[in-house]
>>> print(open('input-v7.cif').read())   # mmCIF, C-alpha atoms
data_run
#
loop_
_atom_site.label_atom_id
_atom_site.label_comp_id
_atom_site.auth_asym_id
_atom_site.auth_seq_id
_atom_site.Cartn_x
_atom_site.Cartn_y
_atom_site.Cartn_z
CA MET A 11 95.55 100.22 98.47
CA LEU A 12 95.64 103.35 100.52
CA PHE A 13 93.74 102.68 103.68
CA GLY A 14 92.22 105.12 106.13
CA ARG A 15 89.46 105.30 108.69
CA LYS A 16 86.91 105.86 105.92
CA GLY A 17 88.08 103.02 103.71
CA VAL A 18 90.19 102.53 100.62
CA LYS A 19 91.27 105.76 98.95
CA HIS A 20 93.23 104.44 95.98
CA VAL A 21 93.54 100.94 94.61
CA ILE A 22 97.02 99.81 93.74
CA ASN A 23 96.86 97.57 90.71
CA ALA A 24 99.33 94.82 91.57
CA GLU A 25 99.47 93.79 87.90
CA GLU A 26 100.73 97.26 86.94
CA SER A 27 102.78 97.83 90.09
CA LYS A 28 105.24 94.98 90.08
CA GLU A 29 107.70 96.22 92.72
CA MET A 30 105.93 96.80 96.03
CA GLU A 31 107.48 97.61 99.37
CA GLU A 32 106.13 96.81 102.81
CA VAL A 33 107.61 98.71 105.76
CA LEU A 34 107.45 96.83 109.04
CA SER A 35 107.80 98.11 112.62
CA GLY A 36 108.80 94.95 114.47
CA CYS A 37 106.85 91.75 115.08
CA GLY A 38 103.78 91.65 117.28
CA VAL A 39 100.68 93.80 117.58
CA TYR A 40 101.63 95.43 120.90
CA ASP A 41 105.21 96.40 120.13
CA GLY A 42 105.63 95.91 116.38
CA THR A 43 103.76 95.20 113.15
CA GLU A 44 100.30 93.62 113.34
CA ILE A 45 101.11 90.25 111.80
CA HIS A 46 97.63 89.68 110.31
CA GLU A 47 97.74 93.02 108.50
CA ALA A 48 101.26 92.41 107.17
CA SER A 49 100.22 88.94 105.98
CA ALA A 50 97.01 90.20 104.37
CA VAL A 51 99.00 92.77 102.40
CA LEU A 52 101.45 90.10 101.25
CA VAL A 53 98.68 87.73 100.16
CA HIS A 54 96.77 90.44 98.29
CA LEU A 55 99.81 91.73 96.43
CA SER A 56 101.28 88.32 95.62
CA ARG A 57 97.94 87.13 94.20
CA GLY A 58 98.07 90.15 91.91
CA GLY A 59 101.55 89.17 90.73
CA ALA A 60 103.53 91.84 92.56
CA GLU A 61 107.02 91.29 93.92
CA VAL A 62 107.10 92.46 97.54
CA GLN A 63 110.26 93.50 99.31
CA MET A 64 110.24 94.21 103.04
CA TYR A 65 112.02 96.95 104.89
CA ALA A 66 112.26 98.14 108.48
CA PRO A 67 114.23 100.78 110.32
CA ASP A 68 117.41 99.49 111.97
CA VAL A 69 116.66 101.01 115.40
CA PRO A 70 115.96 99.73 118.91
CA GLN A 71 112.31 99.04 119.76
CA MET A 72 110.74 101.50 122.18
CA HIS A 73 110.14 98.53 124.49
CA VAL A 74 109.33 94.83 124.38
CA ILE A 75 105.89 93.49 125.28
CA ASP A 76 105.32 89.96 126.54
CA HIS A 77 102.33 89.17 124.29
CA SER A 78 101.17 86.30 126.52
CA LYS A 79 100.67 88.75 129.40
CA GLY A 80 100.19 92.04 127.54
CA GLN A 81 102.82 93.64 129.78
CA PRO A 82 106.28 95.12 129.20
CA ALA A 83 109.21 92.71 129.48
CA GLU A 84 111.43 95.08 131.43
CA ALA A 85 114.72 93.18 131.09
CA GLU A 86 114.52 92.78 127.30
CA SER A 87 115.52 94.97 124.38
CA ARG A 88 115.09 94.22 120.69
CA ASN A 89 115.87 95.73 117.30
CA VAL A 90 113.04 96.64 114.90
CA LEU A 91 114.85 95.29 111.82
CA VAL A 92 115.73 92.01 113.53
CA GLU A 93 112.19 91.52 114.87
CA SER A 94 110.66 92.41 111.48
CA ALA A 95 112.79 89.67 109.91
CA ARG A 96 110.48 87.17 111.63
CA ILE A 97 107.58 88.25 109.41
CA ALA A 98 109.82 88.58 106.35
CA ARG A 99 111.33 85.11 106.91
CA GLY A 100 114.73 86.74 107.00
CA LYS A 101 114.38 88.56 103.68
CA ILE A 102 114.42 92.13 104.96
CA THR A 103 116.46 95.25 104.25
CA SER A 104 117.21 98.34 106.29
CA LEU A 105 114.77 101.15 105.54
CA ALA A 106 117.78 103.40 104.92
CA LYS A 107 118.26 101.57 101.59
CA LEU A 108 114.69 102.03 100.29
CA THR A 109 114.39 104.39 97.31
CA THR A 110 111.69 105.13 94.77
CA ALA A 111 113.97 104.24 91.85
CA ASP A 112 112.79 100.68 91.21
CA HIS A 113 109.70 100.59 93.41
CA ASP A 114 106.11 101.29 92.43
CA ALA A 115 104.45 101.71 95.84
CA VAL A 116 105.05 101.43 99.58
CA ILE A 117 102.68 100.08 102.23
CA PHE A 118 102.83 100.46 106.01
CA PRO A 119 100.77 97.82 107.86
CA GLY A 120 99.52 98.70 111.33
CA GLY A 121 100.27 97.53 114.83
CA PHE A 122 101.35 99.60 117.80
CA GLY A 123 104.94 99.42 116.54
CA ALA A 124 104.03 102.23 114.14
CA ALA A 125 103.17 104.43 117.13
CA LYS A 126 106.23 103.25 119.07
CA ASN A 127 108.97 102.46 116.56
CA LEU A 128 108.12 104.43 113.40
CA SER A 129 107.17 107.51 115.41
CA THR A 130 106.87 108.79 118.96
CA PHE A 131 103.06 108.91 118.83
CA ALA A 132 102.65 106.38 121.67
CA VAL A 133 104.47 108.74 124.03
CA ASP A 134 104.01 112.20 122.52
CA GLY A 135 100.54 111.95 120.92
CA LYS A 136 99.77 114.98 118.78
CA ASP A 137 103.31 116.31 119.29
CA CYS A 138 104.89 113.15 117.86
CA LYS A 139 108.00 112.98 115.74
CA VAL A 140 108.31 110.58 112.80
CA ASN A 141 111.38 108.37 112.36
CA ARG A 142 113.74 110.16 109.97
CA GLU A 143 113.90 107.27 107.46
CA VAL A 144 110.11 106.81 107.50
CA GLU A 145 109.68 110.52 106.83
CA ARG A 146 112.21 110.41 103.98
CA VAL A 147 110.53 107.41 102.35
CA LEU A 148 107.07 108.96 102.56
CA LYS A 149 108.28 112.28 101.18
CA ASP A 150 110.16 110.57 98.34
CA PHE A 151 107.18 108.41 97.31
CA HIS A 152 104.86 111.40 97.52
CA LYS A 153 107.16 113.58 95.39
CA ALA A 154 107.45 110.74 92.85
CA GLY A 155 103.64 110.48 92.67
CA LYS A 156 103.76 106.84 93.74
CA PRO A 157 101.08 105.22 95.93
CA ILE A 158 101.57 105.05 99.68
CA GLY A 159 99.42 102.65 101.68
CA VAL A 160 98.80 103.03 105.40
CA ILE A 161 96.69 100.73 107.56
CA PRO A 162 94.73 101.95 110.62
CA VAL A 163 97.23 102.46 113.45
CA VAL A 164 99.58 104.24 111.07
CA ALA A 165 96.68 106.32 109.79
CA ASN A 166 95.78 107.37 113.32
CA ILE A 167 99.19 108.88 113.94
CA SER A 168 98.71 111.80 111.66
CA ALA A 169 94.95 111.88 111.80
CA GLU A 170 95.49 113.37 115.25
CA LYS A 171 97.91 115.89 113.73
CA GLN A 172 95.37 116.81 111.07
CA ARG A 173 92.50 117.23 113.56
CA GLU A 174 94.74 119.48 115.60
CA SER A 175 95.16 121.77 112.59
CA GLY A 176 91.41 121.78 111.88
CA ARG A 177 91.53 119.53 108.81
CA GLU A 178 88.70 117.05 109.17
CA GLU A 179 89.59 115.14 106.00
CA ALA A 180 92.49 113.57 107.86
CA ASN A 181 92.36 109.84 107.29
CA LEU A 182 95.46 108.82 105.39
CA GLY A 183 97.78 108.65 108.36
CA LEU A 184 101.41 109.60 108.30
CA PHE A 185 101.17 110.36 104.60
CA GLN A 186 98.89 113.33 105.23
CA LYS A 187 101.26 114.81 107.80
CA LEU A 188 104.21 114.45 105.48
CA LYS A 189 102.32 115.60 102.41
CA GLN A 190 102.19 119.07 103.97
CA LYS A 191 105.96 119.04 104.53
CA SER A 192 106.75 117.85 101.01
CA GLN A 193 104.78 120.57 99.21
#
>>> encode(input="input-v7.cif", output="structure tokens")
Amino acid sequence: MLFGRKGVKHVINAEESKEMEEVLSGCGVYDGTEIHEASAVLVHLSRGGAEVQMYAPDVPQMHVIDHSKGQPAEAESRNVLVESARIARGKITSLAKLTTADHDAVIFPGGFGAAKNLSTFAVDGKDCKVNREVERVLKDFHKAGKPIGVIPVVANISAEKQRESGREEANLGLFQKLKQKSQ
């Protein structure tokens, strides 16, 4: 499904789309992927018979949050791919290897990691930059006419960009921002 602030925009038929990709941004709502959202996507797609492969950028996290305190763990540093492997139970691949060739759709679950590790939105707001590999994947899937799913925090990243340019229909997240670039 493509998710946005106003609900589902396109339903991905898991029975027709057998090869689905989920792009993670670490592990933990405050500094990575929102685990409940990632799990919900996996459950939904697997019940529909889809094969799901997980990817994440192989980059350092912006910072590490101690989730028991909700505060930065100053002395720690972590890698997004390594942290995402927790959700993927070790079965994860670098986002640099993701192509549209054998994949039917890509989904980005939320969590503040999207604003911190997939982009610079957490720091730069409306002037954010998107991770180069994330941008490439979104452009490639868009050009191939394949579904791209984004869940709330990811959607908010470019919704701000769209509001800035006066486009009120902004509700499909990073995809909308990159759709302009890919046309």
>>> atom_distance(input="input-v7.cif", atom1="CA of Gly42 in chain A", atom2="CA of Asp68 in chain A")
13.1 Å
>>> residues_near_point(input="input-v7.cif", point="(115.6, 100.8, 103.0)", cutoff="9 Å", atoms="only C-alpha atoms", output="tab-separated table (two decimals) with C-alpha atoms, in the coordinates of the input")
chain	number	residue	atom	x	y	z
A	33	VAL	CA	107.61	98.71	105.76
A	64	MET	CA	110.24	94.21	103.04
A	65	TYR	CA	112.02	96.95	104.89
A	66	ALA	CA	112.26	98.14	108.48
A	67	PRO	CA	114.23	100.78	110.32
A	102	ILE	CA	114.42	92.13	104.96
A	103	THR	CA	116.46	95.25	104.25
A	104	SER	CA	117.21	98.34	106.29
A	105	LEU	CA	114.77	101.15	105.54
A	106	ALA	CA	117.78	103.40	104.92
A	107	LYS	CA	118.26	101.57	101.59
A	108	LEU	CA	114.69	102.03	100.29
A	109	THR	CA	114.39	104.39	97.31
A	143	GLU	CA	113.90	107.27	107.46
A	147	VAL	CA	110.53	107.41	102.35
>>> resolve_selection(input="input-v7.cif", expression="the PyMOL selection byres ((chain A and resi 123) around 12)", output="PyMOL selection string")
chain A and resi 33-45+66-67+69-75+89-91+93-94+118-122+124-133+141+163-164+167
>>> closest_residue(input="input-v7.cif", among="A:Ala154, A:Gln63, A:Ala111, A:Val144", to="Ala95 in chain A", atoms="only C-alpha atoms")
A:Gln63
>>> atom_distance(input="input-v7.cif", atom1="CA of Ala98 in chain A", atom2="CA of Leu52 in chain A")
9.9 Å
>>> closest_residue(input="input-v7.cif", among="A:Arg146, A:His46, A:His113, A:Lys136", to="Ile97 in chain A", atoms="only C-alpha atoms")
A:His46
>>> closest_residue(input="input-v7.cif", among="A:Glu84, A:Cys138, A:Glu29, A:Lys101", to="Lys156 in chain A", atoms="all atoms listed in the file")
A:Glu29
>>> atom_distance(input="input-v7.cif", atom1="CA of Asp114 in chain A", atom2="CA of Pro157 in chain A")
7.3 Å
>>> closest_residue(input="input-v7.cif", among="A:Lys139, A:Ala85, A:Glu31, A:Val51", to="Asp112 in chain A", atoms="all atoms listed in the file")
A:Glu31
>>> build_atoms(input="input-v7.cif", residues="range 54-65 of chain A", atoms="N, CA, C and O atoms", output="PDB file, in the coordinates of the input")
ATOM      1  N   HIS A  54      97.454  89.649  99.314  1.00  0.00           N
ATOM      2  CA  HIS A  54      96.770  90.440  98.290  1.00  0.00           C
ATOM      3  C   HIS A  54      97.714  90.790  97.137  1.00  0.00           C
ATOM      4  O   HIS A  54      97.382  90.600  95.967  1.00  0.00           O
ATOM      5  N   LEU A  55      98.876  91.298  97.473  1.00  0.00           N
ATOM      6  CA  LEU A  55      99.810  91.730  96.430  1.00  0.00           C
ATOM      7  C   LEU A  55     100.384  90.554  95.649  1.00  0.00           C
ATOM      8  O   LEU A  55     100.510  90.627  94.423  1.00  0.00           O
ATOM      9  N   SER A  56     100.713  89.467  96.329  1.00  0.00           N
ATOM     10  CA  SER A  56     101.280  88.320  95.620  1.00  0.00           C
ATOM     11  C   SER A  56     100.254  87.687  94.684  1.00  0.00           C
ATOM     12  O   SER A  56     100.601  87.239  93.594  1.00  0.00           O
ATOM     13  N   ARG A  57      98.986  87.667  95.094  1.00  0.00           N
ATOM     14  CA  ARG A  57      97.940  87.130  94.200  1.00  0.00           C
ATOM     15  C   ARG A  57      97.797  87.982  92.950  1.00  0.00           C
ATOM     16  O   ARG A  57      97.400  87.479  91.902  1.00  0.00           O
ATOM     17  N   GLY A  58      98.126  89.254  93.059  1.00  0.00           N
ATOM     18  CA  GLY A  58      98.070  90.150  91.910  1.00  0.00           C
ATOM     19  C   GLY A  58      99.345  90.116  91.082  1.00  0.00           C
ATOM     20  O   GLY A  58      99.463  90.827  90.089  1.00  0.00           O
ATOM     21  N   GLY A  59     100.314  89.315  91.493  1.00  0.00           N
ATOM     22  CA  GLY A  59     101.550  89.170  90.730  1.00  0.00           C
ATOM     23  C   GLY A  59     102.658  90.126  91.108  1.00  0.00           C
ATOM     24  O   GLY A  59     103.681  90.184  90.425  1.00  0.00           O
ATOM     25  N   ALA A  60     102.505  90.876  92.165  1.00  0.00           N
ATOM     26  CA  ALA A  60     103.530  91.840  92.560  1.00  0.00           C
ATOM     27  C   ALA A  60     104.673  91.153  93.304  1.00  0.00           C
ATOM     28  O   ALA A  60     104.478  90.159  93.995  1.00  0.00           O
ATOM     29  N   GLU A  61     105.850  91.690  93.140  1.00  0.00           N
ATOM     30  CA  GLU A  61     107.020  91.290  93.920  1.00  0.00           C
ATOM     31  C   GLU A  61     107.050  92.208  95.137  1.00  0.00           C
ATOM     32  O   GLU A  61     107.029  93.428  94.990  1.00  0.00           O
ATOM     33  N   VAL A  62     107.106  91.645  96.326  1.00  0.00           N
ATOM     34  CA  VAL A  62     107.100  92.460  97.540  1.00  0.00           C
ATOM     35  C   VAL A  62     108.441  92.324  98.244  1.00  0.00           C
ATOM     36  O   VAL A  62     108.905  91.219  98.506  1.00  0.00           O
ATOM     37  N   GLN A  63     109.037  93.459  98.522  1.00  0.00           N
ATOM     38  CA  GLN A  63     110.260  93.500  99.310  1.00  0.00           C
ATOM     39  C   GLN A  63     109.917  94.146 100.647  1.00  0.00           C
ATOM     40  O   GLN A  63     109.097  95.067 100.702  1.00  0.00           O
ATOM     41  N   MET A  64     110.547  93.677 101.712  1.00  0.00           N
ATOM     42  CA  MET A  64     110.240  94.210 103.040  1.00  0.00           C
ATOM     43  C   MET A  64     111.416  94.984 103.601  1.00  0.00           C
ATOM     44  O   MET A  64     112.568  94.613 103.415  1.00  0.00           O
ATOM     45  N   TYR A  65     111.049  96.054 104.291  1.00  0.00           N
ATOM     46  CA  TYR A  65     112.020  96.950 104.890  1.00  0.00           C
ATOM     47  C   TYR A  65     111.582  97.264 106.318  1.00  0.00           C
ATOM     48  O   TYR A  65     110.401  97.176 106.656  1.00  0.00           O
TER      49      TYR A  65
END
